[in-house]
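Asker: Data: run.json, JSON, C-alpha atoms (C1' of nucleotides).
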[["chain", "number", "residue", "atom", "x", "y", "z"],
["A", 2, "MET", "CA", 72.39, 152.94, 144.89],
["A", 3, "ALA", "CA", 71.05, 153.65, 141.46],
["A", 4, "GLY", "CA", 74.24, 153.45, 139.45],
["A", 5, "THR", "CA", 74.02, 155.70, 136.45],
["A", 6, "ARG", "CA", 71.02, 154.77, 134.38],
["A", 7, "ARG", "CA", 72.01, 153.14, 131.15],
["A", 8, "GLN", "CA", 70.59, 154.68, 128.08],
["A", 9, "LYS", "CA", 67.69, 153.28, 126.16],
["A", 10, "THR", "CA", 69.40, 152.46, 122.91],
["A", 11, "ASP", "CA", 72.98, 152.13, 121.88],
["A", 12, "LEU", "CA", 72.31, 153.01, 118.31],
["A", 13, "LEU", "CA", 75.74, 154.13, 117.29],
["A", 14, "ARG", "CA", 77.66, 150.92, 117.84],
["A", 15, "GLY", "CA", 80.82, 151.81, 116.03],
["A", 16, "THR", "CA", 79.28, 153.70, 113.14],
["A", 17, "LEU", "CA", 80.27, 157.04, 114.62],
["A", 18, "ASP", "CA", 83.57, 157.39, 112.78],
["A", 19, "LEU", "CA", 81.92, 156.74, 109.45],
["A", 20, "LEU", "CA", 79.17, 159.22, 110.25],
["A", 21, "ILE", "CA", 81.60, 161.95, 111.14],
["A", 22, "LEU", "CA", 83.95, 161.37, 108.22],
["A", 23, "ARG", "CA", 81.12, 161.27, 105.75],
["A", 24, "THR", "CA", 79.57, 164.43, 107.16],
["A", 25, "LEU", "CA", 82.88, 166.24, 106.80],
["A", 26, "GLU", "CA", 83.19, 164.99, 103.26],
["A", 27, "LEU", "CA", 80.01, 166.90, 102.52],
["A", 28, "GLN", "CA", 81.14, 170.06, 104.25],
["A", 29, "ALA", "CA", 83.70, 171.34, 106.74],
["A", 30, "LEU", "CA", 82.04, 171.92, 110.09],
["A", 31, "HIS", "CA", 82.83, 172.43, 113.74],
["A", 32, "GLY", "CA", 82.07, 169.88, 116.45],
["A", 33, "ILE", "CA", 78.56, 170.72, 117.53],
["A", 34, "ALA", "CA", 77.58, 171.49, 113.94],
["A", 35, "ILE", "CA", 78.65, 168.00, 112.93],
["A", 36, "ALA", "CA", 76.31, 166.47, 115.46],
["A", 37, "ASP", "CA", 73.53, 168.83, 114.40],
["A", 38, "ARG", "CA", 73.98, 167.90, 110.76],
["A", 39, "ILE", "CA", 73.91, 164.19, 111.50],
["A", 40, "ARG", "CA", 70.81, 164.55, 113.64],
["A", 41, "GLN", "CA", 69.17, 166.46, 110.84],
["A", 42, "LEU", "CA", 70.19, 164.05, 108.06],
["A", 43, "THR", "CA", 68.97, 161.04, 110.03],
["A", 44, "HIS", "CA", 65.81, 162.73, 111.29],
["A", 45, "GLY", "CA", 66.91, 162.28, 114.85],
["A", 46, "THR", "CA", 67.93, 158.64, 114.71],
["A", 47, "PHE", "CA", 71.52, 159.49, 115.47],
["A", 48, "ASP", "CA", 71.73, 162.01, 118.28],
["A", 49, "ILE", "CA", 75.38, 162.22, 119.19],
["A", 50, "GLN", "CA", 76.17, 163.38, 122.68],
["A", 51, "ALA", "CA", 79.10, 165.65, 123.49],
["A", 52, "GLY", "CA", 80.69, 162.90, 125.54],
["A", 53, "SER", "CA", 80.82, 160.72, 122.43],
["A", 54, "LEU", "CA", 81.46, 163.43, 119.89],
["A", 55, "PHE", "CA", 84.55, 165.15, 121.20],
["A", 56, "PRO", "CA", 86.52, 162.04, 122.11],
["A", 57, "ALA", "CA", 85.73, 160.76, 118.62],
["A", 58, "LEU", "CA", 86.92, 163.97, 116.99],
["A", 59, "HIS", "CA", 90.16, 163.86, 118.95],
["A", 60, "ARG", "CA", 90.61, 160.24, 118.00],
["A", 61, "LEU", "CA", 90.07, 160.94, 114.32],
["A", 62, "GLU", "CA", 92.36, 163.94, 114.40],
["A", 63, "GLN", "CA", 95.07, 161.91, 116.07],
["A", 64, "GLU", "CA", 94.76, 159.30, 113.35],
["A", 65, "GLY", "CA", 95.19, 162.04, 110.81],
["A", 66, "TRP", "CA", 91.80, 161.54, 109.16],
["A", 67, "ILE", "CA", 90.58, 165.01, 110.03],
["A", 68, "ALA", "CA", 92.22, 168.33, 110.87],
["A", 69, "GLY", "CA", 90.87, 170.90, 113.27],
["A", 70, "GLU", "CA", 91.59, 174.59, 113.13],
["A", 71, "TRP", "CA", 90.48, 177.27, 115.54],
["A", 72, "THR", "CA", 88.41, 179.98, 113.92],
["A", 73, "MET", "CA", 85.49, 182.28, 114.54],
["A", 74, "THR", "CA", 81.88, 182.19, 113.45],
["A", 75, "GLU", "CA", 80.19, 185.25, 112.07],
["A", 76, "GLN", "CA", 78.82, 185.69, 115.57],
["A", 77, "ARG", "CA", 82.39, 185.89, 116.87],
["A", 78, "ARG", "CA", 82.27, 182.59, 118.71],
["A", 79, "ARG", "CA", 85.46, 180.58, 118.70],
["A", 80, "ILE", "CA", 85.08, 177.20, 117.10],
["A", 81, "LYS", "CA", 87.33, 174.42, 115.91],
["A", 82, "ALA", "CA", 86.53, 173.86, 112.27],
["A", 83, "TYR", "CA", 87.23, 170.34, 111.09],
["A", 84, "THR", "CA", 88.10, 169.31, 107.55],
["A", 85, "LEU", "CA", 88.62, 165.90, 106.04],
["A", 86, "THR", "CA", 92.26, 165.25, 105.15],
["A", 87, "ALA", "CA", 93.46, 163.36, 102.09],
["A", 88, "ALA", "CA", 94.23, 160.38, 104.30],
["A", 89, "GLY", "CA", 90.78, 160.75, 105.81],
["A", 90, "ARG", "CA", 89.21, 160.59, 102.37],
["A", 91, "LYS", "CA", 91.05, 157.36, 101.70],
["A", 92, "HIS", "CA", 90.06, 155.96, 105.06],
["A", 93, "LEU", "CA", 86.47, 156.95, 104.51],
["A", 94, "SER", "CA", 86.27, 154.76, 101.46],
["A", 95, "VAL", "CA", 87.63, 151.86, 103.49],
["A", 96, "GLU", "CA", 85.02, 152.43, 106.17],
["A", 97, "LYS", "CA", 82.30, 152.67, 103.56],
["A", 98, "ARG", "CA", 83.29, 149.37, 102.02],
["A", 99, "GLN", "CA", 83.38, 147.77, 105.43],
["A", 100, "TRP", "CA", 79.95, 149.08, 106.26],
["A", 101, "GLU", "CA", 78.56, 147.71, 103.01],
["A", 102, "ARG", "CA", 80.13, 144.39, 103.79],
["A", 103, "ILE", "CA", 78.44, 144.32, 107.17],
["A", 104, "VAL", "CA", 75.07, 145.21, 105.70],
["A", 105, "GLU", "CA", 75.46, 142.54, 103.07],
["A", 106, "ALA", "CA", 76.36, 139.90, 105.62],
["A", 107, "MET", "CA", 73.55, 140.90, 107.96],
["A", 108, "THR", "CA", 71.12, 140.80, 105.06],
["A", 109, "GLN", "CA", 72.19, 137.29, 104.25],
["A", 110, "VAL", "CA", 71.54, 136.19, 107.80],
["A", 111, "LEU", "CA", 68.24, 138.04, 108.04],
["A", 112, "GLU", "CA", 66.87, 136.85, 104.73],
["A", 113, "THR", "CA", 67.79, 133.19, 104.83],
["A", 114, "SER", "CA", 64.72, 131.03, 105.19],
["B", 4, "MET", "CA", 104.52, 146.96, 126.07],
["B", 5, "ALA", "CA", 103.58, 144.73, 123.32],
["B", 6, "GLY", "CA", 100.09, 144.87, 124.74],
["B", 7, "THR", "CA", 97.91, 142.35, 123.01],
["B", 8, "ARG", "CA", 97.76, 143.10, 119.34],
["B", 9, "ARG", "CA", 94.46, 144.59, 118.41],
["B", 10, "GLN", "CA", 92.60, 142.76, 115.75],
["B", 11, "LYS", "CA", 92.34, 143.91, 112.18],
["B", 12, "THR", "CA", 88.65, 144.70, 112.03],
["B", 13, "ASP", "CA", 85.99, 145.05, 114.63],
["B", 14, "LEU", "CA", 83.23, 143.97, 112.33],
["B", 15, "LEU", "CA", 80.74, 142.84, 114.91],
["B", 16, "ARG", "CA", 80.20, 146.08, 116.79],
["B", 17, "GLY", "CA", 76.99, 145.24, 118.56],
["B", 18, "THR", "CA", 75.32, 143.18, 115.85],
["B", 19, "LEU", "CA", 76.20, 139.97, 117.61],
["B", 20, "ASP", "CA", 72.96, 139.59, 119.54],
["B", 21, "LEU", "CA", 70.90, 139.97, 116.42],
["B", 22, "LEU", "CA", 73.07, 137.48, 114.57],
["B", 23, "ILE", "CA", 72.72, 134.86, 117.28],
["B", 24, "LEU", "CA", 69.00, 135.33, 117.82],
["B", 25, "ARG", "CA", 68.28, 135.19, 114.12],
["B", 26, "THR", "CA", 70.42, 132.07, 113.69],
["B", 27, "LEU", "CA", 68.54, 130.34, 116.47],
["B", 28, "GLU", "CA", 65.27, 131.36, 114.89],
["B", 29, "LEU", "CA", 66.30, 129.33, 111.89],
["B", 30, "GLN", "CA", 67.37, 126.32, 113.92],
["B", 31, "ALA", "CA", 68.28, 125.27, 117.47],
["B", 32, "LEU", "CA", 72.04, 124.87, 117.74],
["B", 33, "HIS", "CA", 74.81, 124.62, 120.28],
["B", 34, "GLY", "CA", 77.41, 127.34, 120.82],
["B", 35, "ILE", "CA", 80.14, 126.48, 118.37],
["B", 36, "ALA", "CA", 77.58, 125.42, 115.79],
["B", 37, "ILE", "CA", 76.00, 128.86, 115.98],
["B", 38, "ALA", "CA", 79.32, 130.50, 115.13],
["B", 39, "ASP", "CA", 79.88, 127.98, 112.34],
["B", 40, "ARG", "CA", 76.48, 128.69, 110.87],
["B", 41, "ILE", "CA", 77.00, 132.43, 110.96],
["B", 42, "ARG", "CA", 80.42, 132.13, 109.38],
["B", 43, "GLN", "CA", 78.89, 129.98, 106.66],
["B", 44, "LEU", "CA", 75.90, 132.23, 106.01],
["B", 45, "THR", "CA", 78.07, 135.32, 105.77],
["B", 46, "HIS", "CA", 80.82, 133.65, 103.78],
["B", 47, "GLY", "CA", 83.33, 134.34, 106.48],
["B", 48, "THR", "CA", 82.54, 138.00, 107.07],
["B", 49, "PHE", "CA", 81.43, 137.28, 110.61],
["B", 50, "ASP", "CA", 83.85, 134.96, 112.34],
["B", 51, "ILE", "CA", 82.81, 134.94, 115.96],
["B", 52, "GLN", "CA", 85.48, 134.04, 118.46],
["B", 53, "ALA", "CA", 84.82, 131.94, 121.54],
["B", 54, "GLY", "CA", 85.64, 134.89, 123.76],
["B", 55, "SER", "CA", 82.81, 136.84, 122.18],
["B", 56, "LEU", "CA", 80.42, 133.98, 121.61],
["B", 57, "PHE", "CA", 80.06, 132.47, 125.06],
["B", 58, "PRO", "CA", 79.72, 135.69, 127.00],
["B", 59, "ALA", "CA", 77.05, 136.69, 124.50],
["B", 60, "LEU", "CA", 75.20, 133.41, 124.92],
["B", 61, "HIS", "CA", 75.24, 133.75, 128.69],
["B", 62, "ARG", "CA", 74.04, 137.30, 128.39],
["B", 63, "LEU", "CA", 71.16, 136.33, 126.11],
["B", 64, "GLU", "CA", 70.23, 133.40, 128.32],
["B", 65, "GLN", "CA", 70.20, 135.61, 131.38],
["B", 66, "GLU", "CA", 67.89, 138.03, 129.59],
["B", 67, "GLY", "CA", 65.59, 135.14, 128.85],
["B", 68, "TRP", "CA", 65.88, 135.44, 125.08],
["B", 69, "ILE", "CA", 67.40, 132.00, 124.65],
["B", 70, "ALA", "CA", 67.43, 128.78, 126.69],
["B", 71, "GLY", "CA", 70.30, 126.34, 126.88],
["B", 72, "GLU", "CA", 70.02, 122.66, 127.66],
["B", 73, "TRP", "CA", 72.80, 120.13, 128.09],
["B", 74, "THR", "CA", 72.53, 117.26, 125.64],
["B", 75, "MET", "CA", 74.65, 114.91, 123.58],
["B", 76, "THR", "CA", 75.50, 114.82, 119.91],
["B", 77, "GLU", "CA", 75.25, 111.59, 117.93],
["B", 78, "GLN", "CA", 78.99, 111.36, 118.54],
["B", 79, "ARG", "CA", 78.33, 111.38, 122.30],
["B", 80, "ARG", "CA", 79.86, 114.78, 122.87],
["B", 81, "ARG", "CA", 78.21, 116.90, 125.51],
["B", 82, "ILE", "CA", 76.84, 120.15, 124.17],
["B", 83, "LYS", "CA", 74.55, 122.90, 125.36],
["B", 84, "ALA", "CA", 71.76, 123.19, 122.82],
["B", 85, "TYR", "CA", 70.22, 126.65, 122.61],
["B", 86, "THR", "CA", 66.70, 127.46, 121.54],
["B", 87, "LEU", "CA", 64.97, 130.78, 121.02],
["B", 88, "THR", "CA", 62.34, 131.48, 123.67],
["B", 89, "ALA", "CA", 59.02, 133.20, 123.06],
["B", 90, "ALA", "CA", 60.41, 136.33, 124.65],
["B", 91, "GLY", "CA", 63.45, 135.96, 122.45],
["B", 92, "ARG", "CA", 61.30, 135.88, 119.38],
["B", 93, "LYS", "CA", 59.66, 139.08, 120.44],
["B", 94, "HIS", "CA", 62.98, 140.68, 121.19],
["B", 95, "LEU", "CA", 64.35, 139.56, 117.86],
["B", 96, "SER", "CA", 61.74, 141.58, 116.05],
["B", 97, "VAL", "CA", 62.70, 144.62, 118.08],
["B", 98, "GLU", "CA", 66.35, 144.17, 117.20],
["B", 99, "LYS", "CA", 65.47, 143.70, 113.56],
["B", 100, "ARG", "CA", 63.54, 146.93, 113.48],
["B", 101, "GLN", "CA", 66.36, 148.73, 115.19],
["B", 102, "TRP", "CA", 68.86, 147.37, 112.69],
["B", 103, "GLU", "CA", 66.71, 148.53, 109.81],
["B", 104, "ARG", "CA", 66.49, 151.93, 111.36],
["B", 105, "ILE", "CA", 70.26, 152.14, 111.60],
["B", 106, "VAL", "CA", 70.70, 151.05, 108.00],
["B", 107, "GLU", "CA", 68.17, 153.59, 106.86],
["B", 108, "ALA", "CA", 69.84, 156.40, 108.76],
["B", 109, "MET", "CA", 73.29, 155.43, 107.56],
["B", 110, "THR", "CA", 72.01, 155.28, 104.00],
["B", 111, "GLN", "CA", 70.66, 158.78, 104.31],
["B", 112, "VAL", "CA", 74.03, 160.05, 105.44],
["B", 113, "LEU", "CA", 75.95, 158.08, 102.84],
["B", 114, "GLU", "CA", 73.76, 159.03, 99.91],
["B", 115, "THR", "CA", 73.26, 162.72, 100.52],
["B", 116, "SER", "CA", 75.07, 164.76, 97.93],
["C", 24, "DA", "C1'", 98.17, 106.18, 129.21],
["C", 25, "DT", "C1'", 98.93, 109.48, 126.30],
["C", 26, "DT", "C1'", 97.59, 112.32, 122.81],
["C", 27, "DC", "C1'", 94.25, 114.74, 120.23],
["C", 28, "DC", "C1'", 90.05, 117.02, 119.34],
["C", 29, "DT", "C1'", 85.61, 119.18, 120.45],
["C", 30, "DA", "C1'", 82.98, 122.15, 123.25],
["C", 31, "DT", "C1'", 82.47, 125.26, 126.83],
["C", 32, "DA", "C1'", 84.26, 128.71, 129.91],
["C", 33, "DT", "C1'", 86.93, 132.59, 131.87],
["C", 34, "DT", "C1'", 90.30, 136.28, 132.33],
["C", 35, "DG", "C1'", 92.56, 140.64, 131.27],
["C", 36, "DA", "C1'", 93.25, 144.26, 128.17],
["C", 37, "DC", "C1'", 91.40, 147.56, 125.30],
["C", 38, "DT", "C1'", 87.98, 150.47, 123.14],
["C", 39, "DT", "C1'", 83.76, 152.86, 122.65],
["C", 40, "DT", "C1'", 79.71, 155.23, 124.30],
["C", 41, "DC", "C1'", 77.32, 157.91, 127.58],
["C", 42, "DG", "C1'", 75.83, 160.92, 131.46],
["C", 43, "DA", "C1'", 77.56, 164.32, 134.19],
["C", 44, "DT", "C1'", 80.33, 167.99, 135.04],
["C", 45, "DA", "C1'", 83.58, 171.73, 133.96],
["C", 46, "DT", "C1'", 85.70, 175.60, 131.52],
["C", 47, "DT", "C1'", 86.10, 179.25, 128.34],
["C", 48, "DT", "C1'", 84.40, 183.01, 125.84],
["C", 49, "DC", "C1'", 81.28, 186.07, 123.94],
["C", 50, "DA", "C1'", 76.62, 188.47, 123.93],
["C", 51, "DT", "C1'", 72.95, 190.32, 126.48],
["C", 52, "DT", "C1'", 70.86, 192.33, 130.23],
["C", 53, "DT", "C1'", 70.64, 195.08, 134.26],
["D", 9, "DA", "C1'", 80.83, 197.12, 134.88],
["D", 10, "DA", "C1'", 78.82, 193.24, 136.80],
["D", 11, "DA", "C1'", 75.83, 189.54, 136.35],
["D", 12, "DT", "C1'", 73.55, 186.31, 133.55],
["D", 13, "DG", "C1'", 72.98, 183.30, 129.84],
["D", 14, "DA", "C1'", 74.26, 180.57, 126.08],
["D", 15, "DA", "C1'", 77.42, 178.28, 122.81],
["D", 16, "DA", "C1'", 81.28, 175.41, 122.11],
["D", 17, "DT", "C1'", 84.73, 172.53, 123.64],
["D", 18, "DA", "C1'", 86.61, 169.35, 126.95],
["D", 19, "DT", "C1'", 87.19, 165.61, 130.37],
["D", 20, "DC", "C1'", 86.00, 161.98, 133.78],
["D", 21, "DG", "C1'", 84.14, 157.64, 135.47],
["D", 22, "DA", "C1'", 81.12, 153.95, 134.69],
["D", 23, "DA", "C1'", 79.26, 150.42, 131.81],
["D", 24, "DA", "C1'", 79.47, 147.35, 128.12],
["D", 25, "DG", "C1'", 81.33, 144.61, 124.29],
["D", 26, "DT", "C1'", 85.04, 142.32, 121.72],
["D", 27, "DC", "C1'", 89.15, 139.73, 121.39],
["D", 28, "DA", "C1'", 93.38, 136.94, 122.27],
["D", 29, "DA", "C1'", 94.94, 133.86, 125.32],
["D", 30, "DT", "C1'", 94.36, 130.44, 128.44],
["D", 31, "DA", "C1'", 91.89, 126.79, 130.92],
["D", 32, "DT", "C1'", 89.06, 122.73, 131.69],
["D", 33, "DA", "C1'", 86.54, 118.63, 130.75],
["D", 34, "DG", "C1'", 85.33, 114.58, 128.32],
["D", 35, "DG", "C1'", 85.37, 111.37, 124.58],
["D", 36, "DA", "C1'", 88.09, 109.19, 120.60],
["D", 37, "DA", "C1'", 92.03, 107.30, 118.71],
["D", 38, "DT", "C1'", 96.41, 105.42, 118.80]]
Please express what this file holds, its structure, as structure tokens.
Answerer:
Amino acid sequence: MAGTRRQKTDLLRGTLDLLILRTLELQALHGIAIADRIRQLTHGTFDIQAGSLFPALHRLEQEGWIAGEWTMTEQRRRIKAYTLTAAGRKHLSVEKRQWERIVEAMTQVLETS
Amino acid sequence: MAGTRRQKTDLLRGTLDLLILRTLELQALHGIAIADRIRQLTHGTFDIQAGSLFPALHRLEQEGWIAGEWTMTEQRRRIKAYTLTAAGRKHLSVEKRQWERIVEAMTQVLETS
DNA sequence: ATTCCTATATTGACTTTCGATATTTCATTT
DNA sequence: AAATGAAATATCGAAAGTCAATATAGGAAT
């Protein structure tokens, strides 16, 4: 019955919010452009699918970390431009600290002899 | 209503397998002792609950990465001592590489100006 | 025997991620 | 003007992982 094939690697594992927030801190962007930017910055390591991206954006918007506004590109395509809110900036620093804490802890486990 | 309160932080997020495999590489241990060791090594950052630990151990055993054997402690308590298998050792190195790749990618995103 | 503690196990809820599919809208082509 | 194509957003269902809560089993201690 070949249930849907699972994907090779689950690289994201909860780092998606941090990735998105940080990307928007650098520059306001619309959905697809966020994924493009992340793919580019990480040289393809993080390749966020639409099915992960948009639910995440809605989640973050609902939390009040980001705000989306419908606009147009120069090519007259309608897009939802997302910006980081003040609350989002604050939350980003929390997520950053948490990430550093995880890396530190993992390093301790990995480098103990 | 009053659905179960969600927990403060979801620190593990998919790093659990690596934590367990690496801990067993250092020393064969039984379930609870693995969690204790990880909590100790990470100074409390990773505090693995039983509801996460045992399913993970069964998962890893089923994959063939670890092997459990019923034994006794010096205090005559029955425990399931886990050891890392050869396949587990190989898989551990894969997980390590993957972790490093994630850290690298995240660093690129976090440190771009 | 009852109580307590250690160790293992399981269940149910919730969340996240992903593949697949759908919809809208504009630009391009015929 | 109709058809086609592409970009951008959206949603659904399945799979997996984590956690709190609960359960069970056996030995130790009183």
Asker: Using all atoms listed in the file, find which residues of chain D lie within 9 Å of chain B and jot them down as a ChimeraX atom specification.
Answerer: /D:25-28,34-35
Asker: Could you list, as an MDAnalysis selection string, the residues of chain C having an atom within 7 Å of chain A when counting all atoms listed in the file?
Answerer: chainID C and resid 40:41 49
Asker: Using all atoms listed in the file, find the one residue out of B:Thr45, B:Thr18, B:Gln101, B:Gln30 that sits nearest to chain A.
Answerer: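 Under the stated criterion, the closest residue is B:Thr45.
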Asker: If chain A is fitted onto chain B by least squares over all C-alpha atoms, taken pair by pair in sequence order, what do its new coordinates look like as an mmCIF file with C-alpha atoms, keeping the file's coordinate frame?
Answerer:
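Saved the output as part36.cif:
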data_model
loop_
_atom_site.group_PDB
_atom_site.id
_atom_site.type_symbol
_atom_site.label_atom_id
_atom_site.label_comp_id
_atom_site.auth_asym_id
_atom_site.auth_seq_id
_atom_site.Cartn_x
_atom_site.Cartn_y
_atom_site.Cartn_z
ATOM 1 C CA MET A 2 106.085 145.825 125.853
ATOM 2 C CA ALA A 3 103.842 144.851 123.010
ATOM 3 C CA GLY A 4 100.486 145.010 124.733
ATOM 4 C CA THR A 5 98.110 142.560 123.162
ATOM 5 C CA ARG A 6 97.809 143.264 119.479
ATOM 6 C CA ARG A 7 94.457 144.705 118.607
ATOM 7 C CA GLN A 8 92.599 142.924 115.926
ATOM 8 C CA LYS A 9 92.357 144.110 112.377
ATOM 9 C CA THR A 10 88.657 144.762 112.163
ATOM 10 C CA ASP A 11 85.942 145.126 114.709
ATOM 11 C CA LEU A 12 83.245 143.992 112.382
ATOM 12 C CA LEU A 13 80.676 142.907 114.888
ATOM 13 C CA ARG A 14 80.040 146.200 116.632
ATOM 14 C CA GLY A 15 76.917 145.284 118.494
ATOM 15 C CA THR A 16 75.290 143.163 115.820
ATOM 16 C CA LEU A 17 76.205 139.958 117.614
ATOM 17 C CA ASP A 18 72.962 139.582 119.549
ATOM 18 C CA LEU A 19 70.904 139.962 116.410
ATOM 19 C CA LEU A 20 73.092 137.463 114.590
ATOM 20 C CA ILE A 21 72.743 134.869 117.291
ATOM 21 C CA LEU A 22 69.013 135.322 117.809
ATOM 22 C CA ARG A 23 68.317 135.176 114.120
ATOM 23 C CA THR A 24 70.451 132.073 113.680
ATOM 24 C CA LEU A 25 68.540 130.339 116.456
ATOM 25 C CA GLU A 26 65.282 131.361 114.864
ATOM 26 C CA LEU A 27 66.338 129.315 111.863
ATOM 27 C CA GLN A 28 67.389 126.310 113.894
ATOM 28 C CA ALA A 29 68.290 125.272 117.430
ATOM 29 C CA LEU A 30 72.040 124.868 117.723
ATOM 30 C CA HIS A 31 74.804 124.624 120.275
ATOM 31 C CA GLY A 32 77.414 127.325 120.838
ATOM 32 C CA ILE A 33 80.158 126.457 118.408
ATOM 33 C CA ALA A 34 77.597 125.423 115.798
ATOM 34 C CA ILE A 35 76.037 128.868 116.006
ATOM 35 C CA ALA A 36 79.336 130.494 115.177
ATOM 36 C CA ASP A 37 79.933 127.990 112.385
ATOM 37 C CA ARG A 38 76.532 128.689 110.883
ATOM 38 C CA ILE A 39 77.046 132.437 110.979
ATOM 39 C CA ARG A 40 80.476 132.130 109.409
ATOM 40 C CA GLN A 41 78.977 129.992 106.695
ATOM 41 C CA LEU A 42 75.964 132.241 106.031
ATOM 42 C CA THR A 43 78.151 135.339 105.798
ATOM 43 C CA HIS A 44 80.910 133.645 103.809
ATOM 44 C CA GLY A 45 83.398 134.362 106.526
ATOM 45 C CA THR A 46 82.605 138.012 107.122
ATOM 46 C CA PHE A 47 81.476 137.318 110.648
ATOM 47 C CA ASP A 48 83.896 134.997 112.393
ATOM 48 C CA ILE A 49 82.838 134.953 116.009
ATOM 49 C CA GLN A 50 85.492 134.050 118.517
ATOM 50 C CA ALA A 51 84.800 131.924 121.583
ATOM 51 C CA GLY A 52 85.642 134.849 123.826
ATOM 52 C CA SER A 53 82.806 136.821 122.242
ATOM 53 C CA LEU A 54 80.410 133.968 121.671
ATOM 54 C CA PHE A 55 80.045 132.429 125.094
ATOM 55 C CA PRO A 56 79.697 135.648 127.068
ATOM 56 C CA ALA A 57 77.039 136.670 124.553
ATOM 57 C CA LEU A 58 75.169 133.395 124.943
ATOM 58 C CA HIS A 59 75.209 133.728 128.717
ATOM 59 C CA ARG A 60 74.009 137.289 128.414
ATOM 60 C CA LEU A 61 71.144 136.331 126.133
ATOM 61 C CA GLU A 62 70.180 133.410 128.322
ATOM 62 C CA GLN A 63 70.158 135.624 131.380
ATOM 63 C CA GLU A 64 67.862 138.038 129.589
ATOM 64 C CA GLY A 65 65.574 135.149 128.838
ATOM 65 C CA TRP A 66 65.850 135.441 125.056
ATOM 66 C CA ILE A 67 67.365 132.002 124.647
ATOM 67 C CA ALA A 68 67.398 128.794 126.677
ATOM 68 C CA GLY A 69 70.258 126.351 126.875
ATOM 69 C CA GLU A 70 69.930 122.682 127.640
ATOM 70 C CA TRP A 71 72.681 120.136 128.056
ATOM 71 C CA THR A 72 72.451 117.266 125.614
ATOM 72 C CA MET A 73 74.563 114.929 123.545
ATOM 73 C CA THR A 74 75.450 114.843 119.880
ATOM 74 C CA GLU A 75 75.249 111.651 117.907
ATOM 75 C CA GLN A 76 78.976 111.404 118.518
ATOM 76 C CA ARG A 77 78.294 111.394 122.260
ATOM 77 C CA ARG A 78 79.798 114.803 122.892
ATOM 78 C CA ARG A 79 78.087 116.900 125.518
ATOM 79 C CA ILE A 80 76.759 120.154 124.186
ATOM 80 C CA LYS A 81 74.475 122.913 125.362
ATOM 81 C CA ALA A 82 71.723 123.207 122.804
ATOM 82 C CA TYR A 83 70.203 126.660 122.607
ATOM 83 C CA THR A 84 66.670 127.478 121.511
ATOM 84 C CA LEU A 85 64.962 130.794 120.998
ATOM 85 C CA THR A 86 62.323 131.488 123.647
ATOM 86 C CA ALA A 87 58.999 133.205 123.027
ATOM 87 C CA ALA A 88 60.385 136.346 124.631
ATOM 88 C CA GLY A 89 63.450 135.977 122.442
ATOM 89 C CA ARG A 90 61.277 135.864 119.345
ATOM 90 C CA LYS A 91 59.630 139.094 120.403
ATOM 91 C CA HIS A 92 62.965 140.684 121.163
ATOM 92 C CA LEU A 93 64.354 139.557 117.851
ATOM 93 C CA SER A 94 61.736 141.533 116.012
ATOM 94 C CA VAL A 95 62.671 144.600 118.039
ATOM 95 C CA GLU A 96 66.326 144.133 117.175
ATOM 96 C CA LYS A 97 65.468 143.643 113.529
ATOM 97 C CA ARG A 98 63.500 146.860 113.413
ATOM 98 C CA GLN A 99 66.322 148.685 115.117
ATOM 99 C CA TRP A 100 68.831 147.334 112.657
ATOM 100 C CA GLU A 101 66.679 148.445 109.740
ATOM 101 C CA ARG A 102 66.414 151.854 111.292
ATOM 102 C CA ILE A 103 70.177 152.099 111.537
ATOM 103 C CA VAL A 104 70.658 151.016 107.944
ATOM 104 C CA GLU A 105 68.082 153.516 106.798
ATOM 105 C CA ALA A 106 69.709 156.344 108.705
ATOM 106 C CA MET A 107 73.191 155.421 107.523
ATOM 107 C CA THR A 108 71.922 155.258 103.961
ATOM 108 C CA GLN A 109 70.533 158.736 104.269
ATOM 109 C CA VAL A 110 73.872 160.050 105.435
ATOM 110 C CA LEU A 111 75.830 158.126 102.821
ATOM 111 C CA GLU A 112 73.624 159.054 99.902
ATOM 112 C CA THR A 113 73.088 162.737 100.531
ATOM 113 C CA SER A 114 74.862 164.827 97.942
#
Asker: Excluding same-chain residues fewer than 3 positions from B:Gly67, what lies within 7 Å of it counting only C-alpha atoms (C1' of nucleotides), as a list in words?
Answerer: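 That gives Leu63, Glu64, Ala70, Ala90 and Gly91 of chain B.
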Asker: Can you measure atom CA of A:Leu30 to atom CA of A:Ala82 for me? One decimal in Å is fine.
Answerer: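 About the pair atom CA of A:Leu30 and atom CA of A:Ala82: they are 5.4 Å apart.
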Asker: Using atom CA of A:Trp100 and atom CA of A:Tyr83 as the two end points, give the distance in Å to one decimal.
Answerer: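 Calculated distance between atom CA of A:Trp100 and atom CA of A:Tyr83 is 23.0 Å.
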Asker: Work out how far apart atom CA of B:His94 and atom CA of B:Asp39 are and give it in Å to one decimal.
Answerer: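 Computing it gives 22.9 Å between the two atoms.
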Asker: Using only C-alpha atoms, can you tell me which of B:Val106, B:Ala89, B:Ala31, B:Leu60 comes closest to chain A?
Answerer: B:Val106
Asker: If we count only C-alpha atoms, which residues of chain B reach to within 10 Å of chain A? Please list them as a PyMOL selection string.
Answerer: chain B and resi 12-18+21-23+25-26+28-29+40-49+99+101-116
